[in-house]
>>> print(open('target14.txt').read())   # compact mmCIF, C-alpha atoms
# COMPACT_ATOMS: atom_id res chain seq x y z
CA MET U 1 11.69 -15.92 -9.27
CA LEU U 2 9.74 -16.52 -12.46
CA PRO U 3 8.66 -13.39 -14.37
CA ILE U 4 5.04 -12.57 -15.17
CA ARG U 5 4.48 -13.75 -18.74
CA ILE U 6 2.37 -11.33 -20.80
CA LEU U 7 0.73 -11.48 -24.22
CA VAL U 8 -0.03 -8.09 -25.80
CA VAL U 9 -3.11 -8.04 -28.06
CA ASP U 10 -3.96 -4.97 -30.15
CA ASP U 11 -4.76 -4.48 -33.82
CA ALA U 12 -2.59 -1.33 -34.00
CA VAL U 13 1.11 -1.96 -34.66
CA VAL U 14 2.12 1.17 -32.75
CA ALA U 15 0.06 0.20 -29.71
CA ARG U 16 1.52 -3.31 -29.65
CA ARG U 17 5.03 -1.88 -29.82
CA VAL U 18 4.47 0.77 -27.15
CA ILE U 19 2.82 -1.59 -24.68
CA SER U 20 5.48 -4.24 -25.28
CA GLU U 21 8.28 -1.72 -24.72
CA ILE U 22 6.67 -0.40 -21.54
CA LEU U 23 6.31 -3.86 -20.05
CA SER U 24 9.68 -5.19 -21.23
CA ASP U 25 11.44 -2.34 -19.41
CA GLU U 26 10.04 -3.54 -16.06
CA ASP U 27 11.78 -6.04 -13.81
CA GLY U 28 9.71 -9.16 -13.29
CA LEU U 29 7.60 -8.68 -16.42
CA GLU U 30 8.20 -10.54 -19.69
CA VAL U 31 6.35 -10.01 -22.98
CA VAL U 32 6.18 -13.48 -24.51
CA GLY U 33 4.29 -12.49 -27.65
CA THR U 34 1.90 -10.15 -29.43
CA ALA U 35 -1.23 -10.62 -31.53
CA PRO U 36 -3.20 -8.31 -33.85
CA ASN U 37 -6.63 -9.82 -33.17
CA GLY U 38 -8.53 -12.23 -30.94
CA ARG U 39 -8.27 -15.30 -33.14
CA ILE U 40 -4.50 -15.16 -33.26
CA ALA U 41 -4.42 -14.31 -29.57
CA LEU U 42 -6.36 -17.44 -28.59
CA ALA U 43 -3.97 -19.62 -30.58
CA LYS U 44 -0.97 -17.94 -28.94
CA ILE U 45 -2.44 -18.31 -25.45
CA ALA U 46 -2.77 -22.05 -26.03
CA ARG U 47 0.87 -22.24 -27.17
CA LEU U 48 2.61 -19.66 -24.97
CA ARG U 49 0.59 -20.04 -21.75
CA PRO U 50 0.91 -16.43 -20.56
CA ASP U 51 -0.08 -15.37 -17.06
CA LEU U 52 -1.79 -12.22 -18.29
CA VAL U 53 -3.16 -10.74 -21.51
CA THR U 54 -3.50 -7.04 -22.28
CA LEU U 55 -6.51 -6.95 -24.58
CA ASP U 56 -7.66 -4.19 -26.92
CA ILE U 57 -11.40 -3.75 -27.35
CA ASP U 58 -11.78 -2.83 -31.02
CA MET U 59 -10.16 -5.45 -33.26
CA PRO U 60 -11.07 -7.17 -36.54
CA GLU U 61 -12.15 -10.82 -36.84
CA LEU U 62 -12.66 -11.33 -33.09
CA ASP U 63 -13.04 -8.25 -30.90
CA GLY U 64 -11.99 -7.78 -27.30
CA MET U 65 -15.28 -8.75 -25.67
CA GLU U 66 -15.63 -11.96 -27.69
CA THR U 67 -11.98 -12.81 -27.07
CA LEU U 68 -12.37 -12.21 -23.34
CA SER U 69 -15.37 -14.51 -23.21
CA ARG U 70 -13.33 -17.26 -24.89
CA ILE U 71 -10.36 -16.71 -22.57
CA ARG U 72 -12.58 -16.97 -19.49
CA SER U 73 -14.07 -20.19 -20.86
CA ASP U 74 -10.95 -21.89 -22.26
CA PHE U 75 -8.14 -20.40 -20.15
CA PRO U 76 -9.68 -19.47 -16.77
CA GLY U 77 -6.28 -19.11 -15.09
CA VAL U 78 -5.16 -16.28 -17.38
CA ASP U 79 -5.79 -12.75 -16.12
CA VAL U 80 -6.96 -10.11 -18.59
CA VAL U 81 -6.46 -6.35 -18.46
CA MET U 82 -8.57 -4.49 -21.02
CA VAL U 83 -7.09 -1.56 -22.95
CA SER U 84 -9.88 0.94 -23.60
CA ASN U 85 -10.40 4.23 -25.39
CA LEU U 86 -11.89 7.13 -23.41
CA THR U 87 -14.99 7.17 -25.57
CA HIS U 88 -18.70 6.53 -24.97
CA ARG U 89 -18.46 3.12 -26.62
CA GLY U 90 -15.13 2.33 -24.98
CA ALA U 91 -16.60 3.04 -21.55
CA ARG U 92 -19.67 0.88 -22.14
CA VAL U 93 -17.75 -2.09 -23.54
CA THR U 94 -15.10 -1.88 -20.81
CA VAL U 95 -17.72 -2.03 -18.08
CA ASP U 96 -19.31 -5.01 -19.83
CA CYS U 97 -15.89 -6.69 -19.97
CA LEU U 98 -15.37 -6.21 -16.25
CA PHE U 99 -18.62 -8.04 -15.62
CA LEU U 100 -17.46 -10.77 -18.02
CA GLY U 101 -14.40 -11.37 -15.87
CA ALA U 102 -11.63 -8.97 -16.89
CA ALA U 103 -9.39 -8.36 -13.88
CA ASP U 104 -8.93 -4.67 -14.64
CA TYR U 105 -8.59 -2.10 -17.40
CA VAL U 106 -6.44 0.81 -18.52
CA THR U 107 -7.34 3.70 -20.79
CA LYS U 108 -5.44 5.04 -23.74
CA ALA U 109 -4.59 8.74 -23.74
CA THR U 110 -6.52 11.09 -25.98
CA GLN U 111 -5.06 11.86 -29.40
CA THR U 112 -4.38 15.47 -28.38
CA VAL U 113 -1.42 14.63 -26.13
CA SER U 114 2.16 14.00 -27.23
CA PRO U 115 3.49 10.48 -27.83
CA GLU U 116 5.66 10.81 -24.72
CA ALA U 117 2.67 11.83 -22.59
CA ALA U 118 0.57 9.01 -24.06
CA ARG U 119 3.28 6.47 -23.21
CA ALA U 120 3.60 7.82 -19.65
CA HIS U 121 -0.19 7.78 -19.23
CA LEU U 122 -0.35 4.12 -20.23
CA ARG U 123 2.68 3.07 -18.20
CA ASN U 124 1.46 4.80 -15.03
CA GLN U 125 -1.77 2.81 -15.17
CA LEU U 126 -0.69 -0.54 -16.55
CA VAL U 127 2.45 -1.39 -14.59
CA PRO U 128 1.04 -0.78 -11.08
CA LYS U 129 -2.10 -2.76 -11.91
CA ILE U 130 -0.15 -5.77 -13.14
CA ARG U 131 2.12 -5.61 -10.10
CA ALA U 132 -0.92 -5.43 -7.81
CA LEU U 133 -2.48 -8.49 -9.45
CA PHE U 134 0.73 -10.51 -9.00
CA LEU U 135 2.09 -8.88 -5.86
CA GLY U 136 3.15 -12.01 -4.01
CA ARG U 137 4.80 -13.55 -7.05
CA LEU U 138 6.84 -10.39 -7.68
CA GLY U 139 8.21 -10.43 -4.16
CA GLY U 140 5.89 -7.83 -2.69
CA THR U 141 3.68 -8.30 0.30
CA THR U 142 0.02 -7.76 0.84
CA PRO U 143 -1.11 -6.42 4.18
CA PRO U 144 -0.84 -9.41 6.57
CA ARG U 145 -3.93 -11.25 7.67
CA THR U 146 -5.18 -9.92 10.92
CA LYS U 147 -8.02 -10.31 13.33
CA ALA U 148 -10.75 -7.71 13.14
CA ARG U 149 -11.26 -5.48 16.13
CA SER U 150 -13.89 -6.78 18.51
CA ALA U 151 -17.13 -6.67 16.60
CA ARG U 152 -19.90 -4.74 18.32
CA ALA U 153 -22.96 -6.92 18.33
CA VAL U 154 -26.04 -5.51 16.62
CA VAL U 155 -29.01 -5.77 18.93
CA PRO U 156 -32.07 -6.99 16.94
CA GLY U 157 -34.28 -4.27 18.43
CA HIS U 158 -31.91 -1.54 17.21
CA LEU U 159 -31.41 -2.50 13.58
CA GLY U 160 -32.46 0.96 12.40
CA LYS U 161 -29.53 2.66 14.10
CA ILE U 162 -27.50 2.39 10.86
CA GLY U 163 -28.50 5.40 8.77
CA ILE U 164 -26.10 5.13 5.82
CA VAL U 165 -24.09 2.47 3.99
CA ALA U 166 -20.97 3.88 2.34
CA ILE U 167 -18.99 1.56 0.04
CA GLY U 168 -15.51 1.96 -1.46
CA ALA U 169 -14.00 -0.26 -4.16
CA SER U 170 -11.36 -0.30 -6.89
CA THR U 171 -9.76 -3.21 -8.77
CA GLY U 172 -12.31 -6.03 -8.99
CA GLY U 173 -14.97 -3.72 -7.59
CA PRO U 174 -17.72 -3.89 -10.24
CA ASN U 175 -18.31 -7.62 -9.75
CA ALA U 176 -17.95 -7.33 -5.99
CA LEU U 177 -20.48 -4.49 -5.96
CA ALA U 178 -22.89 -6.56 -8.02
CA ASP U 179 -22.53 -9.51 -5.64
CA VAL U 180 -23.21 -7.25 -2.65
CA LEU U 181 -26.05 -5.15 -4.05
CA GLU U 182 -28.02 -7.99 -5.58
CA THR U 183 -28.52 -9.53 -2.11
CA ILE U 184 -30.13 -6.37 -0.71
CA PRO U 185 -33.95 -6.70 -0.77
CA LEU U 186 -36.75 -4.27 -1.52
CA GLY U 187 -37.62 -2.09 1.44
CA PHE U 188 -34.03 -1.59 2.55
CA ARG U 189 -33.98 1.02 5.31
CA ALA U 190 -30.84 3.01 4.43
CA PRO U 191 -29.41 4.89 1.45
CA VAL U 192 -26.19 3.60 -0.12
CA VAL U 193 -23.37 5.76 -1.46
CA ILE U 194 -20.52 4.26 -3.49
CA VAL U 195 -17.08 5.28 -4.70
CA GLN U 196 -15.69 2.98 -7.39
CA HIS U 197 -12.44 4.17 -8.93
CA MET U 198 -13.36 4.80 -12.57
CA PRO U 199 -12.96 7.61 -15.12
CA LYS U 200 -15.62 9.95 -16.41
CA ASN U 201 -18.33 8.24 -18.53
CA PHE U 202 -17.55 4.78 -17.14
CA THR U 203 -19.50 5.25 -13.90
CA ALA U 204 -22.79 5.96 -15.69
CA PHE U 205 -22.62 2.56 -17.39
CA LEU U 206 -21.61 0.92 -14.12
CA ALA U 207 -24.69 2.41 -12.44
CA GLN U 208 -26.90 1.08 -15.24
CA ARG U 209 -25.47 -2.42 -14.95
CA LEU U 210 -25.78 -2.49 -11.17
CA ASP U 211 -29.31 -1.10 -11.32
CA SER U 212 -30.33 -4.02 -13.55
CA ARG U 213 -29.00 -6.51 -10.99
CA SER U 214 -30.29 -5.01 -7.75
CA SER U 215 -33.57 -4.28 -6.02
CA LEU U 216 -32.09 -0.92 -5.15
CA THR U 217 -32.44 1.98 -7.55
CA VAL U 218 -28.82 2.61 -8.59
CA ARG U 219 -27.87 5.85 -10.30
CA GLU U 220 -24.88 8.06 -10.93
CA ALA U 221 -24.77 10.79 -8.28
CA GLU U 222 -25.57 14.38 -9.19
CA ASP U 223 -24.80 17.52 -7.24
CA GLY U 224 -27.70 18.20 -4.89
CA SER U 225 -29.17 14.67 -4.95
CA VAL U 226 -31.18 13.98 -1.76
CA LEU U 227 -30.44 10.65 -0.10
CA THR U 228 -33.43 8.36 0.35
CA PRO U 229 -33.69 4.78 1.67
CA GLY U 230 -33.64 1.99 -0.88
CA SER U 231 -31.50 3.85 -3.41
CA ALA U 232 -27.78 3.83 -4.22
CA TRP U 233 -25.63 6.59 -5.72
CA ILE U 234 -22.28 6.05 -7.46
CA ALA U 235 -19.72 8.85 -7.52
CA PRO U 236 -19.25 10.16 -11.07
CA GLY U 237 -15.84 9.55 -12.59
CA ASP U 238 -13.43 12.46 -12.07
CA LEU U 239 -15.57 14.01 -9.30
CA HIS U 240 -15.42 13.64 -5.54
CA ILE U 241 -18.68 13.23 -3.66
CA GLN U 242 -19.38 14.38 -0.12
CA LEU U 243 -22.50 14.33 2.03
CA ARG U 244 -23.92 17.57 3.39
CA GLN U 245 -26.68 18.18 5.94
CA ASP U 246 -29.49 20.32 4.56
CA GLY U 247 -32.04 20.85 7.31
CA GLY U 248 -33.53 17.43 7.95
CA ARG U 249 -32.16 15.99 4.73
CA VAL U 250 -28.75 14.85 3.51
CA ARG U 251 -27.61 15.85 0.03
CA ILE U 252 -24.73 14.82 -2.20
CA ALA U 253 -22.24 17.50 -3.18
CA THR U 254 -19.85 16.91 -6.07
CA ASP U 255 -16.59 18.73 -6.71
CA HIS U 256 -13.50 18.55 -8.89
CA GLY U 257 -11.06 18.98 -6.02
CA ASP U 258 -7.47 17.81 -5.86
CA LEU U 259 -6.67 14.12 -6.27
CA VAL U 260 -6.67 12.25 -2.96
CA ASN U 261 -4.55 9.09 -2.88
CA SER U 262 -4.08 9.75 -6.62
CA CYS U 263 -7.84 9.25 -7.00
CA ARG U 264 -10.87 11.31 -7.98
CA PRO U 265 -13.38 10.17 -6.81
CA SER U 266 -11.78 9.22 -3.52
CA VAL U 267 -13.17 6.89 -0.87
CA ASP U 268 -11.47 8.96 1.84
CA VAL U 269 -13.29 12.12 0.77
CA LEU U 270 -16.67 10.37 0.92
CA PHE U 271 -16.01 8.51 4.17
CA ARG U 272 -14.85 11.60 6.04
CA SER U 273 -18.09 13.37 5.12
CA VAL U 274 -20.09 10.29 6.14
CA ALA U 275 -18.42 10.37 9.57
CA THR U 276 -19.38 14.03 9.95
CA CYS U 277 -23.00 13.61 8.82
CA TYR U 278 -23.88 10.28 10.41
CA GLY U 279 -21.43 9.62 13.25
CA SER U 280 -22.08 6.27 14.94
CA ALA U 281 -24.97 5.58 12.52
CA ALA U 282 -22.50 5.05 9.65
CA LEU U 283 -21.66 1.66 8.17
CA ALA U 284 -18.58 1.67 5.92
CA VAL U 285 -17.84 -1.22 3.57
CA VAL U 286 -14.50 -1.55 1.77
CA LEU U 287 -14.26 -4.02 -1.09
CA THR U 288 -11.40 -5.30 -3.25
CA GLY U 289 -8.98 -2.70 -4.60
CA MET U 290 -5.35 -1.66 -4.92
CA GLY U 291 -3.79 1.07 -2.80
CA GLN U 292 -5.07 2.39 0.51
CA ASP U 293 -7.80 4.84 -0.40
CA GLY U 294 -10.39 4.62 2.35
CA LEU U 295 -7.94 4.08 5.21
CA ASP U 296 -8.07 7.63 6.56
CA GLY U 297 -11.81 7.75 6.00
CA CYS U 298 -12.26 4.57 8.01
CA ARG U 299 -10.19 6.11 10.81
CA ALA U 300 -12.67 9.00 10.85
CA ILE U 301 -15.67 6.65 10.89
CA ALA U 302 -14.18 4.49 13.66
CA ALA U 303 -13.41 7.62 15.70
CA VAL U 304 -17.10 8.58 15.83
CA GLY U 305 -18.27 5.04 16.61
CA GLY U 306 -19.29 3.97 13.11
CA ARG U 307 -19.02 0.37 11.94
CA ILE U 308 -16.65 -1.00 9.29
CA VAL U 309 -16.84 -4.20 7.23
CA VAL U 310 -14.11 -5.20 4.76
CA GLN U 311 -13.74 -7.92 2.15
CA ASP U 312 -11.35 -10.75 2.96
CA GLN U 313 -8.15 -11.56 1.10
CA ASP U 314 -9.26 -14.83 -0.50
CA SER U 315 -12.25 -13.29 -2.30
CA SER U 316 -10.50 -10.03 -3.27
CA VAL U 317 -8.91 -9.52 -6.68
CA VAL U 318 -6.41 -7.23 -4.91
CA TRP U 319 -6.32 -7.06 -1.10
CA GLY U 320 -4.92 -3.58 -0.87
CA MET U 321 -7.70 -1.23 0.30
CA PRO U 322 -9.46 -3.72 2.57
CA GLY U 323 -6.16 -5.23 3.71
CA HIS U 324 -4.74 -1.95 4.96
CA ILE U 325 -7.91 -1.27 6.96
CA ALA U 326 -7.93 -4.75 8.46
CA ASN U 327 -4.23 -4.49 9.28
CA GLN U 328 -4.84 -1.25 11.19
CA GLY U 329 -7.45 -2.96 13.35
CA LEU U 330 -10.22 -0.71 12.07
CA ALA U 331 -12.57 -3.39 10.73
CA ASP U 332 -15.36 -4.80 12.88
CA THR U 333 -15.67 -7.71 10.49
CA VAL U 334 -13.62 -9.23 7.66
CA LEU U 335 -15.82 -11.32 5.38
CA PRO U 336 -15.87 -13.08 1.99
CA CYS U 337 -17.64 -10.99 -0.62
CA SER U 338 -20.57 -13.44 -0.69
CA GLU U 339 -21.30 -12.72 2.98
CA ILE U 340 -21.04 -8.93 2.90
CA GLY U 341 -24.49 -8.23 1.43
CA PRO U 342 -26.29 -10.39 4.02
CA GLU U 343 -24.18 -8.76 6.75
CA ILE U 344 -25.25 -5.30 5.58
CA VAL U 345 -28.90 -6.37 5.63
CA ARG U 346 -28.48 -7.90 9.10
CA ARG U 347 -26.99 -4.70 10.49
CA VAL U 348 -29.36 -2.27 8.77
CA GLY U 349 -32.59 -4.23 8.60
CA PHE U 350 -35.34 -3.81 6.01
CA CYS U 351 -39.06 -3.28 5.83
CA THR U 352 -41.30 -6.11 4.72
>>> encode(input="target14.txt", output="structure tokens")
Amino acid sequence: MLPIRILVVDDAVVARRVISEILSDEDGLEVVGTAPNGRIALAKIARLRPDLVTLDIDMPELDGMETLSRIRSDFPGVDVVMVSNLTHRGARVTVDCLFLGAADYVTKATQTVSPEAARAHLRNQLVPKIRALFLGRLGGTTPPRTKARSARAVVPGHLGKIGIVAIGASTGGPNALADVLETIPLGFRAPVVIVQHMPKNFTAFLAQRLDSRSSLTVREAEDGSVLTPGSAWIAPGDLHIQLRQDGGRVRIATDHGDLVNSCRPSVDVLFRSVATCYGSAALAVVLTGMGQDGLDGCRAIAAVGGRIVVQDQDSSVVWGMPGHIANQGLADTVLPCSEIGPEIVRRVGFCT
């Protein structure tokens, strides 16, 4: 079995060495070269033909965003994982890079931790993400293709029965979310709540980018926000969100509870609260992502008669989250990403 060939690009000598050592210690991964900036990286990609590039954002001569744009244009078969700092600028540029076509990203540890902790932080993010992107090639298996459970037909006269759309996503999620939300028209009847696995600061920029591409008003959720039709709320990084009944209204509650499925925010946490608040009026949507966050939440939604739509394998960057739900027979419908937005509109309806 051929190893995954990786080019490490970072202007810092220490970072190049650490990332190279982390990846070289892993079975099935091979570091074929390093580069200190984008110009050298592009030349090495042409010569070495790596499968994946780890790409720093801040570099001289040709920075990470410009380099990514060139890679997507000249070497479309090469996957890119961005390596970002946990800073305001790092968050903004990383989100922009995801929309430019980066497959995923990892964050460097803060300078206050020890070198050993920084190495562990990077390894614990980077290795699983690379393995998820190349799962079949490394001998792993994705959840097998399966038929959805019998879809319950939506009767045209009862379109308004869906009262909430709850969406979960991870790896590949920002572009999938954009594809879904930009097809939803003005006058949409239901509120939308979203968990996208991202750290603190990143989700605010994601909300801004999605807001610019959708007829919905998209914002980062705040504790106490009241849900209203035609708007979407994204869980803040490092906080869970849950829905709570407040008289005749539904509010968002945020908390810094324990990690669930190694995640905060967690799709399961949101979905379980959606099942409690909305019952059979809930529509859950699970998009591309690694792991199985959302599986237990979908069990809760299915148990109360809610509906579940998941993204199919061919259009997913990683068919982990949606694949596990489909494999458990919980999905009403398994669809390409391009068809999920229209399906949401069909099930919910909208006002003209």
>>> residues_around(input="target14.txt", residues="segment 270-281 of chain U", least_positions_apart="5", cutoff="10 Å", atoms="all atoms listed in the file", output="PyMOL selection string")
chain U and resi 160-168+193-195+235+240-245+250+252-253+265+294-307+348
>>> atom_distance(input="target14.txt", atom1="atom CA of Pro185 of chain U", atom2="atom CA of Thr217 of chain U")
11.1 Å
>>> closest_atom_pairs(input="target14.txt", of="segment 49-111 of chain U", to="segment 204-213 of chain U", cutoff="10 Å", atoms="all atoms listed in the file", output="CSV")
residue,atom,partner,partner_atom,distance
U:His88,CA,U:Phe205,CA,9.4
U:Ala91,CA,U:Phe205,CA,7.3
U:Arg92,CA,U:Phe205,CA,5.8
U:Val93,CA,U:Phe205,CA,9.1
U:Thr94,CA,U:Phe205,CA,9.4
U:Val95,CA,U:Leu206,CA,6.3
U:Asp96,CA,U:Arg209,CA,8.3
U:Leu98,CA,U:Leu206,CA,9.7
U:Phe99,CA,U:Arg209,CA,8.9
>>> residues_around(input="target14.txt", residues="Pro336 of chain U", least_positions_apart="6", cutoff="6 Å", atoms="all atoms listed in the file", output="PyMOL selection string")
chain U and resi 311-312+315
>>> atom_distance(input="target14.txt", atom1="atom CA of Gln196 of chain U", atom2="atom CA of Ala326 of chain U")
19.3 Å
>>> closest_atom_pairs(input="target14.txt", of="segment 238-335 of chain U", to="segment 120-132 of chain U", cutoff="12 Å", atoms="only C-alpha atoms", output="CSV")
residue,atom,partner,partner_atom,distance
U:Ser262,CA,U:Asn124,CA,11.2
U:Thr288,CA,U:Ala132,CA,11.4
U:Gly289,CA,U:Ala132,CA,9.1
U:Met290,CA,U:Ala132,CA,6.5
U:Gly291,CA,U:Ala132,CA,8.7
U:Ser316,CA,U:Ala132,CA,11.6
U:Val317,CA,U:Ala132,CA,9.0
U:Val318,CA,U:Ala132,CA,6.5
U:Trp319,CA,U:Ala132,CA,8.8
U:Gly320,CA,U:Ala132,CA,8.2
U:Met321,CA,U:Ala132,CA,11.4
>>> closest_residue(input="target14.txt", among="U:Ile4, U:Ala176, U:Ala102, U:His256", to="Ser338 of chain U", atoms="all atoms listed in the file")
U:Ala176
